[in-house]
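The structure file data.json is reproduced below (JSON, N, CA and C atoms).
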```
[["chain", "number", "residue", "atom", "x", "y", "z"],
["A", 213, "MET", "N", 49.08, 207.06, 30.79],
["A", 213, "MET", "CA", 50.06, 207.60, 29.87],
["A", 213, "MET", "C", 50.10, 209.12, 30.02],
["A", 214, "PRO", "N", 51.28, 209.67, 29.98],
["A", 214, "PRO", "CA", 51.41, 211.13, 30.12],
["A", 214, "PRO", "C", 50.93, 211.89, 28.88],
["A", 215, "ILE", "N", 50.56, 213.13, 29.11],
["A", 215, "ILE", "CA", 50.15, 214.03, 28.04],
["A", 215, "ILE", "C", 51.29, 215.03, 27.86],
["A", 216, "TYR", "N", 51.86, 215.07, 26.65],
["A", 216, "TYR", "CA", 52.96, 215.98, 26.36],
["A", 216, "TYR", "C", 52.48, 217.11, 25.46],
["A", 217, "GLU", "N", 53.07, 218.30, 25.68],
["A", 217, "GLU", "CA", 52.79, 219.45, 24.82],
["A", 217, "GLU", "C", 53.96, 219.68, 23.90],
["A", 218, "TYR", "N", 53.64, 220.01, 22.64],
["A", 218, "TYR", "CA", 54.66, 220.28, 21.63],
["A", 218, "TYR", "C", 54.37, 221.63, 20.99],
["A", 219, "ARG", "N", 55.44, 222.31, 20.54],
["A", 219, "ARG", "CA", 55.30, 223.57, 19.79],
["A", 219, "ARG", "C", 56.28, 223.53, 18.64],
["A", 220, "CYS", "N", 55.80, 223.96, 17.48],
["A", 220, "CYS", "CA", 56.64, 224.02, 16.29],
["A", 220, "CYS", "C", 57.46, 225.30, 16.31],
["A", 221, "ALA", "N", 58.76, 225.18, 16.08],
["A", 221, "ALA", "CA", 59.64, 226.34, 16.07],
["A", 221, "ALA", "C", 59.44, 227.19, 14.82],
["A", 222, "ASP", "N", 58.91, 226.60, 13.73],
["A", 222, "ASP", "CA", 58.71, 227.35, 12.49],
["A", 222, "ASP", "C", 57.36, 228.06, 12.42],
["A", 223, "CYS", "N", 56.27, 227.33, 12.64],
["A", 223, "CYS", "CA", 54.94, 227.92, 12.45],
["A", 223, "CYS", "C", 54.23, 228.23, 13.77],
["A", 224, "ASP", "N", 54.82, 227.91, 14.91],
["A", 224, "ASP", "CA", 54.27, 228.18, 16.24],
["A", 224, "ASP", "C", 53.01, 227.37, 16.56],
["A", 225, "HIS", "N", 52.74, 226.32, 15.79],
["A", 225, "HIS", "CA", 51.60, 225.44, 16.05],
["A", 225, "HIS", "C", 51.85, 224.70, 17.36],
["A", 226, "GLN", "N", 50.81, 224.58, 18.19],
["A", 226, "GLN", "CA", 50.92, 223.90, 19.47],
["A", 226, "GLN", "C", 49.93, 222.75, 19.53],
["A", 227, "LEU", "N", 50.34, 221.61, 20.15],
["A", 227, "LEU", "CA", 49.45, 220.47, 20.27],
["A", 227, "LEU", "C", 49.80, 219.65, 21.49],
["A", 228, "GLU", "N", 48.83, 218.86, 21.95],
["A", 228, "GLU", "CA", 49.02, 217.93, 23.06],
["A", 228, "GLU", "C", 48.91, 216.51, 22.51],
["A", 229, "VAL", "N", 49.79, 215.63, 23.00],
["A", 229, "VAL", "CA", 49.82, 214.25, 22.52],
["A", 229, "VAL", "C", 49.91, 213.31, 23.72],
["A", 230, "VAL", "N", 49.09, 212.27, 23.72],
["A", 230, "VAL", "CA", 49.18, 211.23, 24.75],
["A", 230, "VAL", "C", 50.17, 210.19, 24.24],
["A", 231, "GLN", "N", 51.26, 210.01, 24.99],
["A", 231, "GLN", "CA", 52.31, 209.09, 24.58],
["A", 231, "GLN", "C", 52.77, 208.25, 25.74],
["A", 232, "LYS", "N", 53.30, 207.07, 25.43],
["A", 232, "LYS", "CA", 53.94, 206.25, 26.44],
["A", 232, "LYS", "C", 55.27, 206.88, 26.82],
["A", 233, "LEU", "N", 55.75, 206.60, 28.01],
["A", 233, "LEU", "CA", 57.05, 207.11, 28.44],
["A", 233, "LEU", "C", 58.16, 206.60, 27.54],
["A", 234, "SER", "N", 58.01, 205.40, 27.02],
["A", 234, "SER", "CA", 59.05, 204.77, 26.20],
["A", 234, "SER", "C", 59.07, 205.27, 24.76],
["A", 235, "GLU", "N", 58.04, 206.00, 24.32],
["A", 235, "GLU", "CA", 57.99, 206.48, 22.93],
["A", 235, "GLU", "C", 58.94, 207.64, 22.72],
["A", 236, "GLN", "N", 59.47, 207.72, 21.51],
["A", 236, "GLN", "CA", 60.34, 208.82, 21.12],
["A", 236, "GLN", "C", 59.52, 210.09, 20.90],
["A", 237, "PRO", "N", 60.08, 211.26, 21.20],
["A", 237, "PRO", "CA", 59.36, 212.52, 20.96],
["A", 237, "PRO", "C", 59.03, 212.70, 19.47],
["A", 238, "ILE", "N", 57.91, 213.35, 19.20],
["A", 238, "ILE", "CA", 57.50, 213.63, 17.83],
["A", 238, "ILE", "C", 58.31, 214.82, 17.32],
["A", 239, "VAL", "N", 58.75, 214.79, 16.07],
["A", 239, "VAL", "CA", 59.54, 215.89, 15.52],
["A", 239, "VAL", "C", 58.87, 216.56, 14.33],
["A", 240, "SER", "N", 57.95, 215.85, 13.65],
["A", 240, "SER", "CA", 57.31, 216.40, 12.45],
["A", 240, "SER", "C", 56.02, 217.14, 12.82],
["A", 241, "CYS", "N", 55.95, 218.41, 12.43],
["A", 241, "CYS", "CA", 54.78, 219.24, 12.72],
["A", 241, "CYS", "C", 53.62, 218.84, 11.80],
["A", 242, "PRO", "N", 52.42, 218.60, 12.35],
["A", 242, "PRO", "CA", 51.27, 218.24, 11.50],
["A", 242, "PRO", "C", 50.75, 219.40, 10.65],
["A", 243, "GLU", "N", 51.08, 220.64, 11.01],
["A", 243, "GLU", "CA", 50.61, 221.81, 10.26],
["A", 243, "GLU", "C", 51.51, 222.12, 9.07],
["A", 244, "CYS", "N", 52.80, 222.38, 9.35],
["A", 244, "CYS", "CA", 53.71, 222.82, 8.28],
["A", 244, "CYS", "C", 54.56, 221.68, 7.72],
["A", 245, "LYS", "N", 54.48, 220.50, 8.32],
["A", 245, "LYS", "CA", 55.19, 219.29, 7.87],
["A", 245, "LYS", "C", 56.70, 219.38, 7.98],
["A", 246, "LYS", "N", 57.24, 220.36, 8.71],
["A", 246, "LYS", "CA", 58.68, 220.47, 8.90],
["A", 246, "LYS", "C", 59.08, 219.73, 10.18],
["A", 247, "ASP", "N", 60.31, 219.31, 10.23],
["A", 247, "ASP", "CA", 60.83, 218.59, 11.41],
["A", 247, "ASP", "C", 61.36, 219.57, 12.46],
["A", 248, "SER", "N", 60.49, 220.42, 12.96],
["A", 248, "SER", "CA", 60.92, 221.43, 13.94],
["A", 248, "SER", "C", 60.02, 221.45, 15.17],
["A", 249, "LEU", "N", 59.37, 220.33, 15.45],
["A", 249, "LEU", "CA", 58.50, 220.22, 16.61],
["A", 249, "LEU", "C", 59.33, 219.93, 17.85],
["A", 250, "LYS", "N", 59.12, 220.69, 18.91],
["A", 250, "LYS", "CA", 59.87, 220.52, 20.17],
["A", 250, "LYS", "C", 58.90, 220.32, 21.31],
["A", 251, "ARG", "N", 59.26, 219.42, 22.22],
["A", 251, "ARG", "CA", 58.45, 219.21, 23.42],
["A", 251, "ARG", "C", 58.69, 220.38, 24.37],
["A", 252, "ILE", "N", 57.60, 220.94, 24.91],
["A", 252, "ILE", "CA", 57.75, 222.07, 25.83],
["A", 252, "ILE", "C", 57.41, 221.61, 27.25],
["A", 253, "ILE", "N", 57.98, 222.29, 28.21],
["A", 253, "ILE", "CA", 57.73, 221.98, 29.62],
["A", 253, "ILE", "C", 56.42, 222.65, 30.02],
["A", 254, "SER", "N", 55.55, 221.89, 30.65],
["A", 254, "SER", "CA", 54.25, 222.42, 31.06],
["A", 254, "SER", "C", 53.86, 221.79, 32.38],
["A", 255, "ALA", "N", 52.72, 222.22, 32.90],
["A", 255, "ALA", "CA", 52.21, 221.65, 34.15],
["A", 255, "ALA", "C", 51.91, 220.17, 33.94],
["A", 256, "ALA", "N", 52.08, 219.41, 34.97],
["A", 256, "ALA", "CA", 51.84, 217.97, 34.88],
["A", 256, "ALA", "C", 50.37, 217.71, 34.58],
["A", 257, "GLY", "N", 50.11, 216.83, 33.66],
["A", 257, "GLY", "CA", 48.75, 216.46, 33.31],
["A", 257, "GLY", "C", 48.51, 215.00, 33.61],
["A", 258, "PHE", "N", 47.30, 214.68, 34.01],
["A", 258, "PHE", "CA", 46.97, 213.29, 34.27],
["A", 258, "PHE", "C", 45.48, 213.08, 34.03],
["A", 259, "ARG", "N", 45.12, 211.83, 33.86],
["A", 259, "ARG", "CA", 43.72, 211.47, 33.65],
["A", 259, "ARG", "C", 43.26, 210.59, 34.80],
["A", 260, "LEU", "N", 42.04, 210.80, 35.21],
["A", 260, "LEU", "CA", 41.42, 209.93, 36.20],
["A", 260, "LEU", "C", 40.57, 208.92, 35.43],
["A", 261, "LYS", "N", 40.91, 207.65, 35.55],
["A", 261, "LYS", "CA", 40.16, 206.61, 34.85],
["A", 261, "LYS", "C", 39.33, 205.83, 35.84],
["A", 262, "GLY", "N", 38.26, 205.25, 35.37],
["A", 262, "GLY", "CA", 37.46, 204.40, 36.22],
["A", 262, "GLY", "C", 36.08, 204.97, 36.46],
["A", 263, "ASP", "N", 35.40, 204.38, 37.44],
["A", 263, "ASP", "CA", 34.02, 204.76, 37.72],
["A", 263, "ASP", "C", 33.89, 206.04, 38.52],
["A", 264, "GLY", "N", 34.93, 206.45, 39.21],
["A", 264, "GLY", "CA", 34.82, 207.68, 39.98],
["A", 264, "GLY", "C", 35.99, 207.88, 40.91],
["A", 265, "TRP", "N", 35.99, 209.00, 41.56],
["A", 265, "TRP", "CA", 37.03, 209.38, 42.51],
["A", 265, "TRP", "C", 36.33, 209.55, 43.84],
["A", 266, "TYR", "N", 36.78, 208.82, 44.83],
["A", 266, "TYR", "CA", 36.10, 208.83, 46.11],
["A", 266, "TYR", "C", 36.92, 209.59, 47.15],
["A", 267, "GLU", "N", 36.23, 210.28, 48.04],
["A", 267, "GLU", "CA", 36.87, 211.07, 49.08],
["A", 267, "GLU", "C", 37.74, 210.21, 49.98],
["A", 268, "THR", "N", 37.38, 208.97, 50.16],
["A", 268, "THR", "CA", 38.09, 208.09, 51.08],
["A", 268, "THR", "C", 39.26, 207.34, 50.44],
["A", 269, "ASP", "N", 39.55, 207.58, 49.18],
["A", 269, "ASP", "CA", 40.57, 206.80, 48.48],
["A", 269, "ASP", "C", 41.95, 206.88, 49.11],
["A", 270, "PHE", "N", 42.36, 208.02, 49.61],
["A", 270, "PHE", "CA", 43.71, 208.15, 50.14],
["A", 270, "PHE", "C", 43.72, 208.61, 51.59],
["A", 271, "LYS", "N", 42.67, 208.36, 52.32],
["A", 271, "LYS", "CA", 42.61, 208.76, 53.73],
["A", 271, "LYS", "C", 43.29, 207.72, 54.60],
["A", 272, "SER", "N", 43.88, 208.20, 55.66],
["A", 272, "SER", "CA", 44.48, 207.28, 56.63],
["A", 272, "SER", "C", 44.30, 207.90, 58.02],
["A", 273, "GLY", "N", 44.36, 207.07, 59.03],
["A", 273, "GLY", "CA", 44.25, 207.58, 60.39],
["A", 273, "GLY", "C", 42.84, 207.97, 60.76],
["A", 274, "ASN", "N", 42.72, 209.06, 61.52],
["A", 274, "ASN", "CA", 41.43, 209.49, 62.06],
["A", 274, "ASN", "C", 40.81, 210.64, 61.27],
["A", 275, "LYS", "N", 41.09, 210.74, 60.00],
["A", 275, "LYS", "CA", 40.52, 211.81, 59.20],
["A", 275, "LYS", "C", 39.03, 211.57, 59.02],
["A", 276, "LYS", "N", 38.23, 212.59, 59.25],
["A", 276, "LYS", "CA", 36.78, 212.47, 59.21],
["A", 276, "LYS", "C", 36.24, 212.76, 57.81],
["A", 277, "ASN", "N", 35.03, 212.31, 57.56],
["A", 277, "ASN", "CA", 34.33, 212.62, 56.33],
["A", 277, "ASN", "C", 33.72, 214.01, 56.50],
["A", 278, "VAL", "N", 34.42, 215.02, 56.02],
["A", 278, "VAL", "CA", 34.02, 216.41, 56.23],
["A", 278, "VAL", "C", 32.68, 216.71, 55.56],
["A", 279, "ALA", "N", 32.49, 216.25, 54.34],
["A", 279, "ALA", "CA", 31.25, 216.54, 53.61],
["A", 279, "ALA", "C", 30.05, 215.90, 54.31],
["A", 280, "GLY", "N", 30.20, 214.66, 54.78],
["A", 280, "GLY", "CA", 29.11, 213.98, 55.44],
["A", 280, "GLY", "C", 28.77, 214.57, 56.79],
["A", 281, "SER", "N", 29.77, 215.03, 57.56],
["A", 281, "SER", "CA", 29.51, 215.59, 58.88],
["A", 281, "SER", "C", 28.85, 216.95, 58.80],
["A", 282, "GLU", "N", 29.16, 217.73, 57.75],
["A", 282, "GLU", "CA", 28.52, 219.05, 57.61],
["A", 282, "GLU", "C", 27.04, 218.91, 57.30],
["A", 283, "SER", "N", 26.68, 218.00, 56.42],
["A", 283, "SER", "CA", 25.27, 217.89, 56.02],
["A", 283, "SER", "C", 24.43, 217.30, 57.14],
["A", 284, "SER", "N", 25.00, 216.38, 57.94],
["A", 284, "SER", "CA", 24.20, 215.77, 59.01],
["A", 284, "SER", "C", 24.08, 216.70, 60.23],
["A", 285, "SER", "N", 25.09, 217.54, 60.48],
["A", 285, "SER", "CA", 25.04, 218.43, 61.63],
["A", 285, "SER", "C", 24.23, 219.70, 61.37],
["A", 286, "SER", "N", 23.98, 220.02, 60.09],
["A", 286, "SER", "CA", 23.25, 221.25, 59.78],
["A", 286, "SER", "C", 21.75, 221.05, 59.89],
["A", 287, "GLY", "N", 21.28, 219.81, 60.02],
["A", 287, "GLY", "CA", 19.85, 219.56, 60.16],
["A", 287, "GLY", "C", 19.10, 219.78, 58.88],
["A", 288, "GLY", "N", 19.74, 219.60, 57.73],
["A", 288, "GLY", "CA", 19.10, 219.85, 56.45],
["A", 288, "GLY", "C", 18.38, 218.65, 55.89],
["A", 289, "GLY", "N", 18.04, 217.68, 56.69],
["A", 289, "GLY", "CA", 17.35, 216.50, 56.19],
["A", 289, "GLY", "C", 15.96, 216.83, 55.73],
["A", 290, "SER", "N", 15.58, 216.42, 54.52],
["A", 290, "SER", "CA", 14.27, 216.79, 53.98],
["A", 290, "SER", "C", 13.15, 215.92, 54.54],
["A", 291, "SER", "N", 13.46, 214.72, 55.06],
["A", 291, "SER", "CA", 12.40, 213.86, 55.56],
["A", 291, "SER", "C", 11.79, 214.37, 56.86],
["A", 292, "SER", "N", 12.55, 215.09, 57.68],
["A", 292, "SER", "CA", 12.02, 215.62, 58.94],
["A", 292, "SER", "C", 11.25, 216.92, 58.75],
["A", 293, "ASP", "N", 11.42, 217.60, 57.59],
["A", 293, "ASP", "CA", 10.76, 218.87, 57.33],
["A", 293, "ASP", "C", 9.33, 218.69, 56.82],
["A", 294, "SER", "N", 8.92, 217.50, 56.35],
["A", 294, "SER", "CA", 7.61, 217.36, 55.74],
["A", 294, "SER", "C", 6.51, 217.15, 56.68]]
```
Structure re-expressed in structure tokens:
Amino acid sequence: MPIYEYRCADCDHQLEVVQKLSEQPIVSCPECKKDSLKRIISAAGFRLKGDGWYETDFKSGNKKNVAGSESSSSGGGSSSDS
């Protein structure tokens, strides 16, 4: 669900609301209780849900695992140093 930003034209109160795309915009300000709340344009917001975000999630072709190749080529293994 998208995160929308709203600002009250009367009291300048600002808030973020998680809403479905199908929901109507909110008009009543929670601070001053007037119907002057307007949705403002802002940077796109999103949430990552689930157990994690993996480097390989959107890779295709011959793209290498950059993080894995740097650590193995640098010789930083702790088992060989002991």
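Between Glu228 of chain A and the residues A:Ala255, A:Ile215, A:Cys241, A:Leu249, the shortest atom-to-atom distance, using all atoms listed in the file, involves A:Ile215.
Straight-line separation from atom CA of Asp263 of chain A to atom N of Met213 of chain A: 16.7 Å.
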Report, in Å to a single decimal, how far apart atom N of Cys220 of chain A and atom C of Asp247 of chain A are.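 Computing it gives 8.7 Å between the two atoms.
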Do you have the atom CA of Cys244 of chain A-atom C of Val229 of chain A distance handy? 18.5 Å
Non-local contacts of Ile252 of chain A (8 Å; only C-alpha atoms; under 3 positions in same chain excluded) as a ChimeraX atom specification: /A:216-219
